[in-house]
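Engineer: Hey, dropping run_20.cif in here, mmCIF, C-alpha atoms:
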data_entry
#
loop_
_atom_site.label_atom_id
_atom_site.label_comp_id
_atom_site.auth_asym_id
_atom_site.auth_seq_id
_atom_site.Cartn_x
_atom_site.Cartn_y
_atom_site.Cartn_z
CA MET A 200 -18.42 82.48 -55.03
CA LYS A 201 -15.42 83.43 -52.92
CA SER A 202 -14.97 86.59 -54.96
CA ASN A 203 -18.61 87.55 -54.43
CA SER A 204 -18.22 86.99 -50.69
CA ARG A 205 -15.23 89.31 -50.59
CA ASN A 206 -17.09 91.99 -52.54
CA GLN A 207 -20.09 91.71 -50.24
CA ALA A 208 -17.85 92.01 -47.17
CA SER A 209 -16.15 95.11 -48.57
CA LEU A 210 -19.52 96.83 -48.88
CA GLU A 211 -20.09 96.41 -45.16
CA LEU A 212 -17.08 98.47 -44.05
CA GLN A 213 -18.10 101.39 -41.85
CA GLY A 214 -16.32 104.49 -40.68
CA ARG A 215 -16.62 108.22 -40.08
CA ILE A 216 -15.68 111.02 -42.46
CA VAL A 217 -13.03 113.07 -40.65
CA LYS A 218 -12.08 115.39 -43.51
CA ALA A 219 -13.51 116.56 -46.83
CA LEU A 220 -11.19 118.24 -49.31
CA SER A 221 -11.15 118.75 -53.09
CA GLY A 222 -13.88 116.22 -53.77
CA TYR A 223 -12.38 113.53 -51.55
CA TYR A 224 -13.75 112.17 -48.28
CA TYR A 225 -11.25 110.84 -45.75
CA VAL A 226 -12.92 108.02 -43.83
CA LEU A 227 -11.60 106.74 -40.51
CA PRO A 228 -12.54 103.04 -40.18
CA ASN A 229 -14.57 102.26 -37.06
CA GLU A 230 -12.04 99.71 -35.88
CA SER A 231 -9.09 102.09 -36.24
CA GLU A 232 -7.60 103.89 -33.26
CA SER A 233 -5.44 106.29 -35.28
CA GLN A 234 -6.45 109.05 -37.70
CA ASP A 235 -3.39 108.12 -39.76
CA ALA A 236 -5.40 105.12 -41.00
CA THR A 237 -7.93 107.12 -43.00
CA VAL A 238 -9.10 105.85 -46.38
CA GLN A 239 -9.31 108.39 -49.21
CA CYS A 240 -12.73 107.97 -50.83
CA ARG A 241 -14.87 109.37 -53.60
CA GLY A 242 -18.64 109.57 -53.25
CA ARG A 243 -20.68 107.08 -55.22
CA GLY A 244 -22.57 108.64 -58.12
CA VAL A 245 -25.92 107.48 -56.77
CA LEU A 246 -25.48 109.78 -53.76
CA LYS A 247 -25.29 112.83 -56.03
CA ASN A 248 -28.31 111.61 -57.99
CA LYS A 249 -30.26 111.41 -54.74
CA GLY A 250 -29.11 114.88 -53.68
CA ILE A 251 -27.06 113.52 -50.78
CA THR A 252 -23.82 115.28 -49.95
CA PRO A 253 -21.62 113.44 -47.43
CA LEU A 254 -20.46 115.70 -44.61
CA VAL A 255 -17.58 115.63 -42.19
CA GLY A 256 -18.85 113.75 -39.14
CA ASP A 257 -21.02 111.40 -41.17
CA GLU A 258 -21.02 107.71 -40.35
CA VAL A 259 -20.80 105.98 -43.72
CA VAL A 260 -20.68 102.59 -45.39
CA TYR A 261 -17.80 102.41 -47.83
CA SER A 262 -16.07 99.90 -50.08
CA LEU A 263 -12.41 99.54 -51.03
CA THR A 264 -11.21 99.88 -54.62
CA ASP A 265 -8.35 98.06 -56.30
CA ASN A 266 -5.98 101.02 -55.93
CA GLY A 267 -6.29 101.12 -52.14
CA GLU A 268 -8.74 104.00 -52.10
CA GLY A 269 -12.45 103.72 -51.42
CA THR A 270 -15.97 104.69 -52.40
CA VAL A 271 -18.61 106.07 -50.03
CA GLU A 272 -21.61 103.85 -50.77
CA ARG A 273 -24.17 105.38 -48.43
CA VAL A 274 -24.55 107.79 -45.56
CA LEU A 275 -26.05 106.47 -42.32
CA PRO A 276 -28.82 108.43 -40.54
CA ARG A 277 -27.64 111.65 -38.88
CA SER A 278 -28.39 112.75 -35.34
CA SER A 279 -27.79 116.40 -36.30
CA GLU A 280 -26.74 118.49 -39.27
CA LEU A 281 -25.32 121.98 -39.64
CA ILE A 282 -25.25 123.76 -42.99
CA ARG A 283 -22.68 126.38 -42.04
CA PRO A 284 -20.26 124.96 -41.03
CA PRO A 285 -21.16 121.78 -42.99
CA VAL A 286 -20.83 119.05 -40.35
CA ALA A 287 -23.02 116.15 -39.19
CA ASN A 288 -23.63 114.26 -35.95
CA ILE A 289 -22.31 117.09 -33.76
CA ASP A 290 -23.60 116.86 -30.18
CA VAL A 291 -21.79 119.86 -28.66
CA ALA A 292 -21.21 123.28 -30.21
CA MET A 293 -18.43 125.26 -28.56
CA LEU A 294 -19.08 128.92 -29.40
CA VAL A 295 -15.80 130.75 -28.99
CA PHE A 296 -15.93 134.50 -28.42
CA SER A 297 -13.06 136.74 -27.42
CA VAL A 298 -13.42 139.19 -24.55
CA THR A 299 -11.21 141.52 -26.60
CA GLU A 300 -9.83 141.74 -30.15
CA PRO A 301 -12.29 141.30 -31.78
CA THR A 302 -14.67 143.09 -29.43
CA LEU A 303 -17.30 140.81 -27.95
CA ASN A 304 -20.51 141.18 -29.95
CA LEU A 305 -23.66 139.95 -28.18
CA THR A 306 -25.78 140.25 -31.33
CA LEU A 307 -23.45 137.91 -33.19
CA LEU A 308 -23.35 135.57 -30.19
CA ASP A 309 -27.13 135.38 -30.19
CA LYS A 310 -27.15 134.68 -33.94
CA PHE A 311 -24.86 131.72 -33.40
CA LEU A 312 -27.03 130.51 -30.52
CA VAL A 313 -30.19 130.74 -32.64
CA HIS A 314 -28.65 128.48 -35.27
CA ILE A 315 -27.33 125.99 -32.73
CA GLU A 316 -30.66 125.86 -30.87
CA HIS A 317 -32.50 125.38 -34.18
CA ALA A 318 -30.21 122.42 -34.94
CA GLU A 319 -31.01 121.07 -31.45
CA ILE A 320 -27.34 120.80 -30.52
CA GLU A 321 -26.08 121.53 -27.02
CA ALA A 322 -24.34 124.91 -26.97
CA VAL A 323 -21.42 125.75 -24.66
CA LEU A 324 -19.82 129.21 -24.50
CA CYS A 325 -16.08 129.80 -24.36
CA LEU A 326 -14.68 133.26 -23.62
CA SER A 327 -11.16 133.27 -25.03
CA LYS A 328 -8.09 135.52 -24.86
CA GLN A 329 -8.42 136.32 -21.16
CA ASP A 330 -4.71 137.13 -21.01
CA LEU A 331 -4.12 139.99 -23.45
CA GLU A 332 -2.49 143.04 -21.92
CA HIS A 333 -4.05 146.45 -22.60
CA ASP A 334 -4.22 149.82 -20.94
CA GLY A 335 -6.49 150.12 -17.93
CA GLU A 336 -9.55 151.22 -19.88
CA GLU A 337 -9.40 148.30 -22.33
CA THR A 338 -8.78 145.78 -19.55
CA GLU A 339 -11.78 147.10 -17.66
CA ALA A 340 -13.95 146.87 -20.79
CA ALA A 341 -12.87 143.24 -21.38
CA ALA A 342 -13.64 142.32 -17.77
CA GLU A 343 -17.02 144.01 -18.02
CA ALA A 344 -17.82 142.13 -21.26
CA ALA A 345 -16.96 138.78 -19.67
CA ALA A 346 -19.03 139.58 -16.58
CA SER A 347 -21.98 140.58 -18.78
CA VAL A 348 -21.90 137.30 -20.69
CA ASN A 349 -21.61 135.28 -17.49
CA ARG A 350 -24.54 137.15 -15.94
CA ILE A 351 -26.89 136.94 -18.93
CA TYR A 352 -26.17 133.51 -20.34
CA SER A 353 -25.54 131.46 -17.19
CA ALA A 354 -28.98 132.63 -15.99
CA ILE A 355 -30.63 130.86 -18.93
CA GLY A 356 -28.64 127.67 -18.50
CA TYR A 357 -25.59 127.95 -20.75
CA GLU A 358 -22.24 126.57 -19.58
CA ILE A 359 -19.45 129.14 -19.85
CA TYR A 360 -15.70 128.54 -19.84
CA GLY A 361 -13.03 131.22 -19.59
CA THR A 362 -9.77 130.40 -21.37
CA SER A 363 -6.32 131.68 -22.22
CA SER A 364 -4.41 129.63 -24.78
CA ARG A 365 -1.15 131.38 -23.94
CA GLN A 366 -1.42 130.88 -20.19
CA GLY A 367 -3.16 127.50 -20.37
CA LYS A 368 -6.10 128.83 -18.37
CA GLY A 369 -9.21 126.66 -18.63
CA ILE A 370 -7.67 124.33 -21.21
CA GLU A 371 -7.82 121.15 -19.10
CA GLU A 372 -11.42 121.84 -18.09
CA LEU A 373 -12.36 122.41 -21.73
CA GLN A 374 -10.73 119.17 -22.83
CA GLN A 375 -12.51 117.20 -20.11
CA ARG A 376 -15.84 118.73 -21.13
CA LEU A 377 -15.35 117.59 -24.73
CA GLN A 378 -14.26 114.00 -24.04
CA GLY A 379 -16.59 111.46 -25.59
CA HIS A 380 -18.28 114.10 -27.74
CA LEU A 381 -18.24 115.12 -31.38
CA ALA A 382 -17.99 118.89 -31.10
CA VAL A 383 -17.70 121.89 -33.36
CA PHE A 384 -15.73 125.03 -32.56
CA ALA A 385 -17.55 127.99 -34.07
CA GLY A 386 -17.21 131.74 -33.84
CA GLN A 387 -16.10 134.72 -35.89
CA SER A 388 -12.61 134.88 -37.34
CA GLY A 389 -9.78 135.85 -35.04
CA VAL A 390 -11.27 134.73 -31.72
CA GLY A 391 -8.60 132.06 -31.22
CA LYS A 392 -10.29 128.80 -32.16
CA SER A 393 -7.12 127.37 -33.72
CA SER A 394 -5.03 128.55 -30.76
CA LEU A 395 -7.40 126.76 -28.38
CA LEU A 396 -7.15 123.53 -30.35
CA ASN A 397 -3.36 123.82 -30.41
CA ALA A 398 -3.41 124.17 -26.62
CA ILE A 399 -5.77 121.21 -26.17
CA VAL A 400 -3.78 118.92 -28.51
CA PRO A 401 -0.01 119.32 -27.97
CA GLY A 402 1.88 119.19 -31.26
CA LEU A 403 -1.16 119.96 -33.42
CA LYS A 404 0.26 123.26 -34.74
CA LEU A 405 -2.77 124.57 -36.60
CA GLU A 406 -2.06 127.81 -38.44
CA THR A 407 -3.01 130.92 -36.51
CA ASN A 408 -2.99 134.58 -37.45
CA ALA A 409 -2.95 137.75 -35.42
CA ILE A 410 -5.85 140.20 -35.56
CA SER A 411 -5.74 142.88 -38.22
CA ASN A 412 -5.90 146.18 -36.35
CA ARG A 413 -7.24 147.95 -39.41
CA LEU A 414 -10.16 145.60 -39.98
CA GLY A 415 -10.64 144.40 -36.41
CA ARG A 416 -10.90 140.78 -37.49
CA GLY A 417 -8.65 137.85 -38.14
CA LYS A 418 -7.76 136.18 -41.40
CA HIS A 419 -9.41 132.89 -42.29
CA THR A 420 -6.74 130.47 -41.14
CA THR A 421 -8.86 127.33 -41.54
CA ARG A 422 -9.64 126.40 -45.15
CA HIS A 423 -11.66 123.20 -44.79
CA VAL A 424 -13.62 121.24 -42.21
CA GLU A 425 -11.67 118.52 -40.41
CA LEU A 426 -12.25 116.44 -37.28
CA ILE A 427 -9.39 116.58 -34.81
CA ASP A 428 -8.85 113.80 -32.28
CA ILE A 429 -8.50 115.45 -28.86
CA GLY A 430 -8.26 112.20 -26.89
CA GLY A 431 -10.71 110.54 -24.56
CA GLY A 432 -12.97 109.62 -27.45
CA GLY A 433 -13.53 113.27 -28.29
CA TYR A 434 -13.33 114.94 -31.69
CA VAL A 435 -13.55 118.61 -32.58
CA ALA A 436 -14.43 119.97 -36.00
CA ASP A 437 -12.11 122.82 -36.83
CA THR A 438 -14.08 124.96 -39.28
CA PRO A 439 -13.52 128.04 -41.43
CA GLY A 440 -14.23 131.23 -39.51
CA PHE A 441 -17.18 133.32 -40.61
CA SER A 442 -18.64 136.57 -39.40
CA GLN A 443 -22.11 136.65 -41.00
CA LEU A 444 -25.11 134.42 -40.52
CA ASP A 445 -28.52 134.73 -42.08
CA PHE A 446 -31.75 132.95 -41.23
CA THR A 447 -32.31 131.06 -44.46
CA GLU A 448 -33.00 127.77 -42.71
CA LEU A 449 -35.44 129.21 -40.15
CA GLY A 450 -39.10 130.08 -40.42
CA ILE A 451 -40.36 133.16 -38.57
CA GLU A 452 -42.37 130.88 -36.29
CA ASP A 453 -39.14 129.07 -35.31
CA LEU A 454 -37.31 132.09 -33.96
CA GLY A 455 -38.88 132.27 -30.50
CA TYR A 456 -38.10 128.58 -29.93
CA CYS A 457 -34.41 129.34 -30.48
CA PHE A 458 -34.30 131.74 -27.51
CA ARG A 459 -34.37 129.53 -24.40
CA GLU A 460 -36.13 132.02 -22.15
CA ILE A 461 -38.78 132.81 -24.76
CA ARG A 462 -39.32 129.12 -25.45
CA ALA A 463 -39.92 128.51 -21.73
CA LEU A 464 -42.43 131.38 -21.40
CA SER A 465 -44.37 130.99 -24.68
CA PRO A 466 -46.85 128.39 -23.35
CA ASP A 467 -48.04 131.01 -20.82
CA CYS A 468 -48.89 133.60 -23.48
CA LYS A 469 -52.61 134.38 -23.89
CA PHE A 470 -52.61 133.78 -27.63
CA ARG A 471 -51.24 130.81 -29.48
CA GLY A 472 -48.68 131.88 -32.07
CA CYS A 473 -47.80 135.00 -30.06
CA THR A 474 -44.90 136.90 -31.64
CA HIS A 475 -44.04 138.57 -28.30
CA VAL A 476 -44.03 142.04 -29.85
CA GLN A 477 -47.21 143.80 -28.76
CA GLU A 478 -49.85 141.17 -28.08
CA PRO A 479 -51.90 141.52 -24.87
CA GLY A 480 -51.32 138.83 -22.27
CA CYS A 481 -47.81 138.07 -23.55
CA ALA A 482 -45.80 136.26 -20.88
CA VAL A 483 -42.53 137.27 -22.55
CA LEU A 484 -43.33 141.00 -22.47
CA SER A 485 -44.42 140.68 -18.84
CA ALA A 486 -41.13 138.97 -17.94
CA LEU A 487 -39.22 141.68 -19.78
CA GLU A 488 -40.97 144.41 -17.76
CA GLU A 489 -40.18 142.54 -14.55
CA GLY A 490 -36.48 142.32 -15.43
CA LYS A 491 -36.55 138.53 -15.86
CA ILE A 492 -35.30 138.70 -19.45
CA ALA A 493 -32.09 140.48 -20.44
CA PRO A 494 -32.94 143.54 -22.59
CA SER A 495 -30.08 142.74 -24.99
CA ARG A 496 -31.54 139.28 -25.67
CA TYR A 497 -35.02 140.66 -26.36
CA GLU A 498 -33.65 143.46 -28.54
CA ASN A 499 -31.74 140.91 -30.59
CA TYR A 500 -34.89 138.79 -30.89
CA LEU A 501 -36.74 141.80 -32.32
CA GLN A 502 -33.85 142.60 -34.66
CA PHE A 503 -33.72 139.04 -36.02
CA LEU A 504 -37.52 138.95 -36.36
CA ASN A 505 -37.48 142.15 -38.41
CA GLU A 506 -34.63 140.84 -40.58
CA MET A 507 -36.64 137.71 -41.32
CA LYS A 508 -39.80 139.69 -42.10
CA ASP A 509 -37.89 142.03 -44.43
CA LYS A 510 -36.38 139.08 -46.28
CA LYS A 511 -39.77 137.42 -46.61
CA ARG A 512 -41.23 140.62 -48.08
CA ARG A 513 -38.41 140.90 -50.59
CA TYR A 514 -38.54 137.31 -51.76
#
Can you present the structure in this file as structure tokens?
Structural biologist:
Amino acid sequence: MKSNSRNQASLELQGRIVKALSGYYYVLPNESESQDATVQCRGRGVLKNKGITPLVGDEVVYSLTDNGEGTVERVLPRSSELIRPPVANIDVAMLVFSVTEPTLNLTLLDKFLVHIEHAEIEAVLCLSKQDLEHDGEETEAAAEAAASVNRIYSAIGYEIYGTSSRQGKGIEELQQRLQGHLAVFAGQSGVGKSSLLNAIVPGLKLETNAISNRLGRGKHTTRHVELIDIGGGGYVADTPGFSQLDFTELGIEDLGYCFREIRALSPDCKFRGCTHVQEPGCAVLSALEEGKIAPSRYENYLQFLNEMKDKKRRY
């Protein structure tokens, strides 16, 4: 009877997956205050049979095995889930974009925002590398890019932080914003995500790489997803960089919802299910003509809509 009681108790252990690597899940027990206390676990076979893949960020129930390792028994309900990067229970997405090297790309920024809005996660923008020295023309272009982002995206309600890892600019404000949250740092390779995390967490020493001048992008310095304790009850998922996103998870009817300004105006359109392309009485087109919607945002909406239609026709 005592043995059965011990086994039953072991099944009730709970924790969060803070790293997934080579088929192992590293679970931080709920009662632990140090990430050094993680338990190396395998997933229970029944999870695979049910088509459940544990993700970094998952709250799980696990049991201990005789060799001091553990087994993930079940995954608790998620508040959010991202497929790329594969993380769960994120409540803040920090989208990091450089004002220079690589050149700030508003189309790519909007693609990231579409995916984050679709996942119903709060998005925050971070403009990094605001310290690099260039000739006058490049410096002016970087300043103009930052001003453009601040003008367009603050108007539709996004928080924007300007940072310099080297100079420490904006680092304290960023850390305070992330306290108490489970956040993901996302953005294309080479924008300085690892450098930002190194600045936020002294002694972290994540690998960083300089930008390749020939390719205009950075090397993938992060090889797996891992939660990093940044203090104050905050964790950040450092994820592999990526430069391409498709719309596999979205339906065409979902796209307008993922643009905040279009979502707000859609109820005022004359026709239900308006695509905001050429329909009469479209509130979005009227706002565009009146200068209330940034042309770059609408152009990207049309581009993404056409991409989705082309893919649907092909498949």
Engineer: Could you pull the residues within 12 Å of Lys510 of chain A, counting all atoms listed in the file, minus those fewer than 6 positions along the same chain, as an mmCIF file with C-alpha atoms, in the frame of the given file?
Structural biologist:
data_model
loop_
_atom_site.group_PDB
_atom_site.id
_atom_site.type_symbol
_atom_site.label_atom_id
_atom_site.label_comp_id
_atom_site.auth_asym_id
_atom_site.auth_seq_id
_atom_site.Cartn_x
_atom_site.Cartn_y
_atom_site.Cartn_z
ATOM 1 C CA ASP A 445 -28.520 134.730 -42.080
ATOM 2 C CA PHE A 446 -31.750 132.950 -41.230
ATOM 3 C CA THR A 447 -32.310 131.060 -44.460
ATOM 4 C CA LEU A 449 -35.440 129.210 -40.150
ATOM 5 C CA GLY A 450 -39.100 130.080 -40.420
ATOM 6 C CA ILE A 451 -40.360 133.160 -38.570
ATOM 7 C CA PHE A 503 -33.720 139.040 -36.020
ATOM 8 C CA LEU A 504 -37.520 138.950 -36.360
#
Engineer: Which polymer residues have any atom within 8 Å of an atom of Thr237 of chain A, counting all atoms listed in the file, with same-chain residues fewer than 6 positions away left out, as a list in words?
Structural biologist: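 Contacts, in chain order: Tyr225, Val226, Leu227 and Pro228 of chain A.
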Engineer: Based on the selection just made, write C-alpha atoms of those residues as a tab-separated table (two decimals), in the coordinates of the input.
Structural biologist:
chain	number	residue	atom	x	y	z
A	225	TYR	CA	-11.25	110.84	-45.75
A	226	VAL	CA	-12.92	108.02	-43.83
A	227	LEU	CA	-11.60	106.74	-40.51
A	228	PRO	CA	-12.54	103.04	-40.18
Engineer: So, with only C-alpha atoms as the atoms that count, which of A:Val271, A:Cys325, A:Val291, A:Ala344 lies closest to Gly379 of chain A?
Structural biologist: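 Residue with the minimum atom-to-atom distance to Gly379 of chain A: A:Val291.
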Engineer: One number please: atom CA of Glu319 of chain A to atom CA of Tyr497 of chain A, in Å, one decimal.
Structural biologist: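 The value is 20.6 Å.
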Engineer: I'd like the residues picked by the PyMOL selection byres ((chain A and resi 368) around 12) written out as a PyMOL selection string, using the chain letters and numbers from the file.
Structural biologist: chain A and resi 325-330+360-367+369-374+395+398-399
Engineer: Which is closest to Asn288 of chain A among A:Arg243, A:His380, A:Arg512, A:Lys491, if we use only C-alpha atoms?
Structural biologist: A:His380
Engineer: On this structure, the PyMOL selection byres ((chain A and resi 221) around 12) would catch which residues? List them as a short mmCIF file (atom, residue, chain, number, x, y, z; two decimals) with C-alpha atoms, in the frame of the given file, sorted by chain and number.
Structural biologist:
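out_7.cif written:
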data_model
loop_
_atom_site.label_atom_id
_atom_site.label_comp_id
_atom_site.auth_asym_id
_atom_site.auth_seq_id
_atom_site.Cartn_x
_atom_site.Cartn_y
_atom_site.Cartn_z
CA LYS A 218 -12.08 115.39 -43.51
CA ALA A 219 -13.51 116.56 -46.83
CA LEU A 220 -11.19 118.24 -49.31
CA GLY A 222 -13.88 116.22 -53.77
CA TYR A 223 -12.38 113.53 -51.55
CA TYR A 224 -13.75 112.17 -48.28
CA TYR A 225 -11.25 110.84 -45.75
CA GLN A 239 -9.31 108.39 -49.21
CA CYS A 240 -12.73 107.97 -50.83
CA ARG A 241 -14.87 109.37 -53.60
CA GLY A 242 -18.64 109.57 -53.25
CA ARG A 422 -9.64 126.40 -45.15
CA HIS A 423 -11.66 123.20 -44.79
CA VAL A 424 -13.62 121.24 -42.21
#
Engineer: Selected by the PyMOL selection byres ((chain A and resi 284-287) around 7) in the shown coordinates: which residues, as a JSON list (two decimals) with C-alpha atoms, in the coordinates of the input?
Structural biologist:
[["chain", "number", "residue", "atom", "x", "y", "z"],
["A", 254, "LEU", "CA", -20.46, 115.70, -44.61],
["A", 255, "VAL", "CA", -17.58, 115.63, -42.19],
["A", 256, "GLY", "CA", -18.85, 113.75, -39.14],
["A", 257, "ASP", "CA", -21.02, 111.40, -41.17],
["A", 277, "ARG", "CA", -27.64, 111.65, -38.88],
["A", 279, "SER", "CA", -27.79, 116.40, -36.30],
["A", 280, "GLU", "CA", -26.74, 118.49, -39.27],
["A", 281, "LEU", "CA", -25.32, 121.98, -39.64],
["A", 282, "ILE", "CA", -25.25, 123.76, -42.99],
["A", 283, "ARG", "CA", -22.68, 126.38, -42.04],
["A", 288, "ASN", "CA", -23.63, 114.26, -35.95],
["A", 289, "ILE", "CA", -22.31, 117.09, -33.76],
["A", 438, "THR", "CA", -14.08, 124.96, -39.28]]
Engineer: Can you work out the spacing between atom CA of Cys457 of chain A and atom CA of Val313 of chain A in Å, to one decimal?
Structural biologist: 4.9 Å
